[in-house]
Amino acid sequence: MSAKNTLEEVFNKFLENDSIFRDRSVLTHDFIPQHFPHRDFQIRTLGEILAPALKGFKPSNLFIYGKTGTGKTAVIRYVLNILEKEARKLGSPTVTCYVNCRLIGSEYKIYTQFCKNLGYKVPFTGLSLSELFSRFSSYLDESRSIFIVVLDEIDALVKSKGDNLLYHLTRINETLNFSKVSIIGISNDLKLKESLDPRILSSLSEEEVIFNPYNAAELKDILVERAEMAFKESVIDEGTIALCAALAASEHGDARRALDLLRIAGELAEREGSNTIEERHIRRAERKIERDRVIEAISSLPLHSKLIIFSLYLRERKLHQHSITGEIFNVYKNVCSKLGINPLTQRRISGLINELDIIGLLNAQVTSFGRYGRSKKIKLNIDEDIILKVFSMDERLSTLLNSKLDSIYKFK
DNA sequence: CGTCCACAGGAATGACGGGCGG
DNA sequence: CCGCCCGTCATTCCTGTGGACG
């Protein structure tokens with residue numbers, strides 16, 4: 001069959017088949033729902049903290065903690081939305097600004113975003129930080145508003161750029177005559193508290209709200225609600241959703257994970273031409289997510305770490321047993337010489353192996369062999385088909401894989 | 001019970017690149 | 001724009017060590 005015919009068949013099948021989805025976007029990460037099961041308490045607390053803005057008073061600064069997938073971001077964006085609408089109705093000068101520090105990245109861009117939300121334009125480059133800051137603060141004062149800043153994933157900012165911006169923001173109110181700034185920090189790292197300057201910390205956490213992980217029952221409530229919007233009638237039954245919830249709960253109570261599971265299971269079912277989502281689709285979705293994660297992890301590894309994985313795989317393919325550092329190092333050296341790459345030292349390799357152990361791509365355990373020394377017992381922790389898939393993408397490694405390899409195991 | 005293997009893993013130091021202040 | 005400083009990666013040198021073996 002020609003390629004054209006194959007494609008036509010695929011497209012036609014896609015067009016003919018009614019989708020099982022009503023609205024796929026409901027299950028994606030950036031969807032902001034209108035209901036938040038089991039978050040009433042947090043929403044109410046946030047509302048109480050922010051309400052003063054409506055009367056023109058500065059709300060307390062606020063710190064929000066919670067692991068990934070506990071609804072922090074979605075809830076705060078929802079609350080801000082409503083707050084802004086309400087403020088507009090009342091004619092209260094409340095301006096909000098949501099910034100994701102991981103995405104926005106630099107201090108400069110964050111101030112730029114602030115200015116933009118205040119309705120001012122600043123050059124996207126060229127100003128010094130202090131100039132930008134003073135422009136921002138004069139714009140802000142001019143606007144005579146309550147400016148509510150949300151810094152999401154604030155731990156990323158502090159880790160990479162330090163607490164400079166936070167320091168200036170917490171003190172800016174002292175110099176403003178007509179405006180006020182409230183800061184809302186969102187972090188999924190409780191340890192951030194320790195690494196922050198205590199003065200900043202105390203000013204920032206006038207109020208705190210904690211988002212605890214969802215349990216299986218709570219996840220199920222969320223999924224049921226979303227599945228209703230996402231899928232057509234009777235595509236998925238309650239038992240299947242419960243399975244989804246249970247799988248995600250046993251992980252970390254991560255709702256994002258649970259929604260991924262549901263969406264991917266739906267895509268798998270649809271591709272298969274099934275008009276219901278069954279348990280097997282969920283199971284396969286779980287495996288696919290895990291596989292994609294591992295493939296992504298390996299692909300983004302630095303060169304020599306990849307070579308270590310590669311060498312370890314070669315050894316395990318020949319001798320089905322654990323390896324020790326020195327043995328891997330010898331294979332690794334031979335692989336390097338085949339590829340014309342300068343090998344790193346054994347000391348460094350030992351360190352890299354530890355890093356790979358932490359990521360979970362292999363298991364390493366220091367073991368004593370008595371008379372025969374002391375080393376790390378090392379075993380790969382990746383399925384063979386994933387290894388083959390990743391390394392066949394690299395031309396030179398895949399030819400190495402297919403060539404005669406005996407010499408790689410030899411050394412002096 | 002001492003020895004000795006085959007490393008582990010800490011400390012100091014060097015090479016490099018990227019951001020920042022003047 | 002340039003020099004400086006800092007963080008990251010890597011090397012070198014080193015001391016420490018669990019336990020089988022003799």
# chains A, B, ... in the order shown; residues from 1 in each chain; ligands from 1

call {"tool": "interface_residues", "arguments": {"of": "chain A", "to": "chain C", "cutoff": "9 Å", "atoms": "only C-alpha atoms (C1' of nucleotides)", "output": "list in words"}}
result
Leu344, Thr345, Arg347, Arg348, Thr367, Ser368, Phe369, Gly370, Arg371, Tyr372, Gly373 and Arg374 of chain A

call {"tool": "interface_residues", "arguments": {"of": "chain B", "to": "chain A", "cutoff": "7 Å", "atoms": "only C-alpha atoms (C1' of nucleotides)", "output": "PDB file with C-alpha atoms (C1' of nucleotides), in the first residue's frame"}}
result
ATOM      1  C1'  DC B   5      41.962  -5.634  47.629  1.00  0.00           C
ATOM      2  C1'  DA B   6      39.407  -2.178  44.968  1.00  0.00           C
ATOM      3  C1'  DC B   7      37.544   0.964  45.423  1.00  0.00           C
TER       4       DC B   7
END

call {"tool": "residues_around", "arguments": {"residues": "range 295-306 of chain A", "least_positions_apart": "5", "cutoff": "8 Å", "atoms": "only C-alpha atoms (C1' of nucleotides)", "output": "PyMOL selection string"}}
result
chain A and resi 344+352-353+356+386+390

call {"tool": "atom_distance", "arguments": {"atom1": "CA of Gly56 in chain A", "atom2": "CA of Thr112 in chain A"}}
result
24.6 Å

call {"tool": "atom_distance", "arguments": {"atom1": "CA of Ala285 in chain A", "atom2": "CA of Leu261 in chain A"}}
result
5.9 Å

call {"tool": "residues_around", "arguments": {"residues": "Lys333 in chain A", "least_positions_apart": "5", "cutoff": "12 Å", "atoms": "only C-alpha atoms (C1' of nucleotides)", "output": "VMD selection string"}}
result
chain A and resid 304 307 to 308 310 to 312 326 to 328 338 to 346 349 407 to 412

call {"tool": "select_by_dssp", "arguments": {"residues": "range 174-211 of chain A", "states": "alpha helix (DSSP H)", "output": "VMD selection string"}}
result
chain A and resid 192 to 195 198 to 204

call {"tool": "residues_around", "arguments": {"residues": "Val294 in chain A", "least_positions_apart": "6", "cutoff": "12 Å", "atoms": "only C-alpha atoms (C1' of nucleotides)", "output": "PyMOL selection string"}}
result
chain A and resi 287-288+300-301+356+359-362+381-387+389-390

call {"tool": "atom_distance", "arguments": {"atom1": "CA of Leu169 in chain A", "atom2": "CA of Gly185 in chain A"}}
result
11.6 Å

call {"tool": "select_by_dssp", "arguments": {"residues": "range 201-242 of chain A", "states": "strand (DSSP E or B)", "output": "list in words"}}
result
Glu207, Glu208, Val209, Ile210, Phe211 and Phe231 of chain A

call {"tool": "write_last_selection", "arguments": {"atoms": "C-alpha atoms", "output": "PDB file, in the first residue's frame"}}
result
ATOM      1  CA  GLU A 207      -0.208  34.864  56.418  1.00  0.00           C
ATOM      2  CA  GLU A 208       0.287  31.287  55.331  1.00  0.00           C
ATOM      3  CA  VAL A 209      -1.949  28.872  53.510  1.00  0.00           C
ATOM      4  CA  ILE A 210      -1.092  25.223  53.147  1.00  0.00           C
ATOM      5  CA  PHE A 211      -2.310  22.986  50.328  1.00  0.00           C
ATOM      6  CA  PHE A 231     -15.759  13.026  27.733  1.00  0.00           C
TER       7      PHE A 231
END

call {"tool": "decode", "arguments": {"residues": "range 181-230 of chain A", "atoms": "N, CA and C atoms", "output": "PDB file, in the first residue's frame"}}
result
ATOM      1  N   VAL A 181       1.688  47.562  47.668  1.00  0.00           N
ATOM      2  CA  VAL A 181       1.963  46.275  47.045  1.00  0.00           C
ATOM      3  C   VAL A 181       1.749  45.163  48.057  1.00  0.00           C
ATOM      4  N   SER A 182       1.025  44.123  47.653  1.00  0.00           N
ATOM      5  CA  SER A 182       0.973  42.890  48.447  1.00  0.00           C
ATOM      6  C   SER A 182       1.618  41.786  47.650  1.00  0.00           C
ATOM      7  N   ILE A 183       2.339  40.942  48.346  1.00  0.00           N
ATOM      8  CA  ILE A 183       3.048  39.862  47.670  1.00  0.00           C
ATOM      9  C   ILE A 183       2.452  38.528  48.071  1.00  0.00           C
ATOM     10  N   ILE A 184       2.194  37.707  47.060  1.00  0.00           N
ATOM     11  CA  ILE A 184       1.777  36.335  47.312  1.00  0.00           C
ATOM     12  C   ILE A 184       2.848  35.426  46.743  1.00  0.00           C
ATOM     13  N   GLY A 185       3.517  34.685  47.595  1.00  0.00           N
ATOM     14  CA  GLY A 185       4.553  33.757  47.128  1.00  0.00           C
ATOM     15  C   GLY A 185       4.019  32.347  47.129  1.00  0.00           C
ATOM     16  N   ILE A 186       4.281  31.615  46.065  1.00  0.00           N
ATOM     17  CA  ILE A 186       3.849  30.223  46.003  1.00  0.00           C
ATOM     18  C   ILE A 186       5.077  29.337  45.866  1.00  0.00           C
ATOM     19  N   SER A 187       5.177  28.351  46.726  1.00  0.00           N
ATOM     20  CA  SER A 187       6.353  27.472  46.682  1.00  0.00           C
ATOM     21  C   SER A 187       5.935  26.045  46.930  1.00  0.00           C
ATOM     22  N   ASN A 188       6.592  25.112  46.282  1.00  0.00           N
ATOM     23  CA  ASN A 188       6.312  23.718  46.631  1.00  0.00           C
ATOM     24  C   ASN A 188       7.441  23.124  47.459  1.00  0.00           C
ATOM     25  N   ASP A 189       8.345  23.994  47.865  1.00  0.00           N
ATOM     26  CA  ASP A 189       9.491  23.536  48.625  1.00  0.00           C
ATOM     27  C   ASP A 189       9.455  24.154  50.016  1.00  0.00           C
ATOM     28  N   LEU A 190       9.169  23.321  51.001  1.00  0.00           N
ATOM     29  CA  LEU A 190       9.081  23.843  52.365  1.00  0.00           C
ATOM     30  C   LEU A 190      10.436  24.315  52.877  1.00  0.00           C
ATOM     31  N   LYS A 191      11.495  23.766  52.289  1.00  0.00           N
ATOM     32  CA  LYS A 191      12.835  24.117  52.752  1.00  0.00           C
ATOM     33  C   LYS A 191      13.200  25.555  52.384  1.00  0.00           C
ATOM     34  N   LEU A 192      12.436  26.121  51.451  1.00  0.00           N
ATOM     35  CA  LEU A 192      12.708  27.495  51.030  1.00  0.00           C
ATOM     36  C   LEU A 192      12.764  28.425  52.233  1.00  0.00           C
ATOM     37  N   LYS A 193      11.913  28.141  53.217  1.00  0.00           N
ATOM     38  CA  LYS A 193      11.872  28.949  54.426  1.00  0.00           C
ATOM     39  C   LYS A 193      13.247  29.114  55.054  1.00  0.00           C
ATOM     40  N   GLU A 194      14.011  28.046  55.012  1.00  0.00           N
ATOM     41  CA  GLU A 194      15.305  28.085  55.693  1.00  0.00           C
ATOM     42  C   GLU A 194      16.326  28.899  54.922  1.00  0.00           C
ATOM     43  N   SER A 195      16.207  28.892  53.586  1.00  0.00           N
ATOM     44  CA  SER A 195      17.239  29.558  52.802  1.00  0.00           C
ATOM     45  C   SER A 195      16.942  31.035  52.593  1.00  0.00           C
ATOM     46  N   LEU A 196      15.805  31.495  53.096  1.00  0.00           N
ATOM     47  CA  LEU A 196      15.428  32.881  52.881  1.00  0.00           C
ATOM     48  C   LEU A 196      15.943  33.767  54.019  1.00  0.00           C
ATOM     49  N   ASP A 197      16.315  34.972  53.665  1.00  0.00           N
ATOM     50  CA  ASP A 197      16.682  35.965  54.669  1.00  0.00           C
ATOM     51  C   ASP A 197      15.528  36.118  55.663  1.00  0.00           C
ATOM     52  N   PRO A 198      15.809  36.004  56.955  1.00  0.00           N
ATOM     53  CA  PRO A 198      14.721  36.006  57.945  1.00  0.00           C
ATOM     54  C   PRO A 198      13.854  37.263  57.896  1.00  0.00           C
ATOM     55  N   ARG A 199      14.444  38.401  57.538  1.00  0.00           N
ATOM     56  CA  ARG A 199      13.638  39.628  57.465  1.00  0.00           C
ATOM     57  C   ARG A 199      12.617  39.528  56.342  1.00  0.00           C
ATOM     58  N   ILE A 200      13.090  39.011  55.193  1.00  0.00           N
ATOM     59  CA  ILE A 200      12.185  38.841  54.065  1.00  0.00           C
ATOM     60  C   ILE A 200      11.094  37.843  54.426  1.00  0.00           C
ATOM     61  N   LEU A 201      11.546  36.759  55.050  1.00  0.00           N
ATOM     62  CA  LEU A 201      10.607  35.690  55.378  1.00  0.00           C
ATOM     63  C   LEU A 201       9.494  36.208  56.275  1.00  0.00           C
ATOM     64  N   SER A 202       9.861  36.948  57.313  1.00  0.00           N
ATOM     65  CA  SER A 202       8.838  37.379  58.260  1.00  0.00           C
ATOM     66  C   SER A 202       7.880  38.357  57.585  1.00  0.00           C
ATOM     67  N   SER A 203       8.413  39.180  56.696  1.00  0.00           N
ATOM     68  CA  SER A 203       7.536  40.124  56.023  1.00  0.00           C
ATOM     69  C   SER A 203       6.628  39.426  55.020  1.00  0.00           C
ATOM     70  N   LEU A 204       7.169  38.396  54.411  1.00  0.00           N
ATOM     71  CA  LEU A 204       6.431  37.701  53.365  1.00  0.00           C
ATOM     72  C   LEU A 204       5.352  36.801  53.939  1.00  0.00           C
ATOM     73  N   SER A 205       5.618  36.178  55.049  1.00  0.00           N
ATOM     74  CA  SER A 205       4.645  35.200  55.548  1.00  0.00           C
ATOM     75  C   SER A 205       3.851  35.778  56.698  1.00  0.00           C
ATOM     76  N   GLU A 206       3.269  36.955  56.463  1.00  0.00           N
ATOM     77  CA  GLU A 206       2.315  37.484  57.425  1.00  0.00           C
ATOM     78  C   GLU A 206       1.147  36.517  57.554  1.00  0.00           C
ATOM     79  N   GLU A 207       0.817  35.905  56.410  1.00  0.00           N
ATOM     80  CA  GLU A 207      -0.208  34.864  56.418  1.00  0.00           C
ATOM     81  C   GLU A 207       0.337  33.663  55.666  1.00  0.00           C
ATOM     82  N   GLU A 208      -0.154  32.477  56.054  1.00  0.00           N
ATOM     83  CA  GLU A 208       0.287  31.287  55.331  1.00  0.00           C
ATOM     84  C   GLU A 208      -0.916  30.412  55.029  1.00  0.00           C
ATOM     85  N   VAL A 209      -0.903  29.824  53.852  1.00  0.00           N
ATOM     86  CA  VAL A 209      -1.949  28.872  53.510  1.00  0.00           C
ATOM     87  C   VAL A 209      -1.275  27.605  53.000  1.00  0.00           C
ATOM     88  N   ILE A 210      -1.704  26.489  53.536  1.00  0.00           N
ATOM     89  CA  ILE A 210      -1.092  25.223  53.147  1.00  0.00           C
ATOM     90  C   ILE A 210      -2.046  24.421  52.266  1.00  0.00           C
ATOM     91  N   PHE A 211      -1.545  23.895  51.176  1.00  0.00           N
ATOM     92  CA  PHE A 211      -2.310  22.986  50.328  1.00  0.00           C
ATOM     93  C   PHE A 211      -1.758  21.586  50.533  1.00  0.00           C
ATOM     94  N   ASN A 212      -2.524  20.754  51.213  1.00  0.00           N
ATOM     95  CA  ASN A 212      -2.030  19.401  51.440  1.00  0.00           C
ATOM     96  C   ASN A 212      -2.398  18.509  50.259  1.00  0.00           C
ATOM     97  N   PRO A 213      -1.652  17.417  50.067  1.00  0.00           N
ATOM     98  CA  PRO A 213      -1.920  16.537  48.917  1.00  0.00           C
ATOM     99  C   PRO A 213      -3.319  15.926  49.011  1.00  0.00           C
ATOM    100  N   TYR A 214      -3.884  15.629  47.865  1.00  0.00           N
ATOM    101  CA  TYR A 214      -5.183  14.969  47.839  1.00  0.00           C
ATOM    102  C   TYR A 214      -5.040  13.486  48.144  1.00  0.00           C
ATOM    103  N   ASN A 215      -6.025  12.914  48.817  1.00  0.00           N
ATOM    104  CA  ASN A 215      -6.046  11.450  48.934  1.00  0.00           C
ATOM    105  C   ASN A 215      -6.880  10.872  47.794  1.00  0.00           C
ATOM    106  N   ALA A 216      -6.956   9.539  47.755  1.00  0.00           N
ATOM    107  CA  ALA A 216      -7.584   8.894  46.597  1.00  0.00           C
ATOM    108  C   ALA A 216      -9.043   9.330  46.425  1.00  0.00           C
ATOM    109  N   ALA A 217      -9.768   9.440  47.540  1.00  0.00           N
ATOM    110  CA  ALA A 217     -11.188   9.791  47.433  1.00  0.00           C
ATOM    111  C   ALA A 217     -11.362  11.202  46.888  1.00  0.00           C
ATOM    112  N   GLU A 218     -10.496  12.100  47.346  1.00  0.00           N
ATOM    113  CA  GLU A 218     -10.590  13.487  46.891  1.00  0.00           C
ATOM    114  C   GLU A 218     -10.232  13.601  45.412  1.00  0.00           C
ATOM    115  N   LEU A 219      -9.183  12.877  45.034  1.00  0.00           N
ATOM    116  CA  LEU A 219      -8.803  12.865  43.621  1.00  0.00           C
ATOM    117  C   LEU A 219      -9.960  12.378  42.767  1.00  0.00           C
ATOM    118  N   LYS A 220     -10.634  11.365  43.282  1.00  0.00           N
ATOM    119  CA  LYS A 220     -11.736  10.806  42.505  1.00  0.00           C
ATOM    120  C   LYS A 220     -12.814  11.852  42.268  1.00  0.00           C
ATOM    121  N   ASP A 221     -13.132  12.630  43.292  1.00  0.00           N
ATOM    122  CA  ASP A 221     -14.132  13.684  43.121  1.00  0.00           C
ATOM    123  C   ASP A 221     -13.727  14.663  42.025  1.00  0.00           C
ATOM    124  N   ILE A 222     -12.443  15.006  42.020  1.00  0.00           N
ATOM    125  CA  ILE A 222     -11.962  15.937  40.994  1.00  0.00           C
ATOM    126  C   ILE A 222     -12.097  15.317  39.612  1.00  0.00           C
ATOM    127  N   LEU A 223     -11.652  14.072  39.514  1.00  0.00           N
ATOM    128  CA  LEU A 223     -11.648  13.413  38.209  1.00  0.00           C
ATOM    129  C   LEU A 223     -13.060  13.227  37.669  1.00  0.00           C
ATOM    130  N   VAL A 224     -13.977  12.867  38.559  1.00  0.00           N
ATOM    131  CA  VAL A 224     -15.356  12.663  38.117  1.00  0.00           C
ATOM    132  C   VAL A 224     -15.882  13.948  37.479  1.00  0.00           C
ATOM    133  N   GLU A 225     -15.637  15.052  38.158  1.00  0.00           N
ATOM    134  CA  GLU A 225     -16.118  16.335  37.668  1.00  0.00           C
ATOM    135  C   GLU A 225     -15.513  16.671  36.299  1.00  0.00           C
ATOM    136  N   ARG A 226     -14.205  16.465  36.182  1.00  0.00           N
ATOM    137  CA  ARG A 226     -13.543  16.807  34.934  1.00  0.00           C
ATOM    138  C   ARG A 226     -13.921  15.845  33.811  1.00  0.00           C
ATOM    139  N   ALA A 227     -14.026  14.566  34.181  1.00  0.00           N
ATOM    140  CA  ALA A 227     -14.335  13.572  33.152  1.00  0.00           C
ATOM    141  C   ALA A 227     -15.692  13.871  32.530  1.00  0.00           C
ATOM    142  N   GLU A 228     -16.603  14.360  33.352  1.00  0.00           N
ATOM    143  CA  GLU A 228     -17.922  14.689  32.854  1.00  0.00           C
ATOM    144  C   GLU A 228     -17.851  15.761  31.758  1.00  0.00           C
ATOM    145  N   MET A 229     -16.967  16.728  31.990  1.00  0.00           N
ATOM    146  CA  MET A 229     -16.816  17.791  30.997  1.00  0.00           C
ATOM    147  C   MET A 229     -15.994  17.333  29.803  1.00  0.00           C
ATOM    148  N   ALA A 230     -15.022  16.492  30.066  1.00  0.00           N
ATOM    149  CA  ALA A 230     -14.056  16.152  29.022  1.00  0.00           C
ATOM    150  C   ALA A 230     -14.596  15.116  28.047  1.00  0.00           C
TER     151      ALA A 230
END
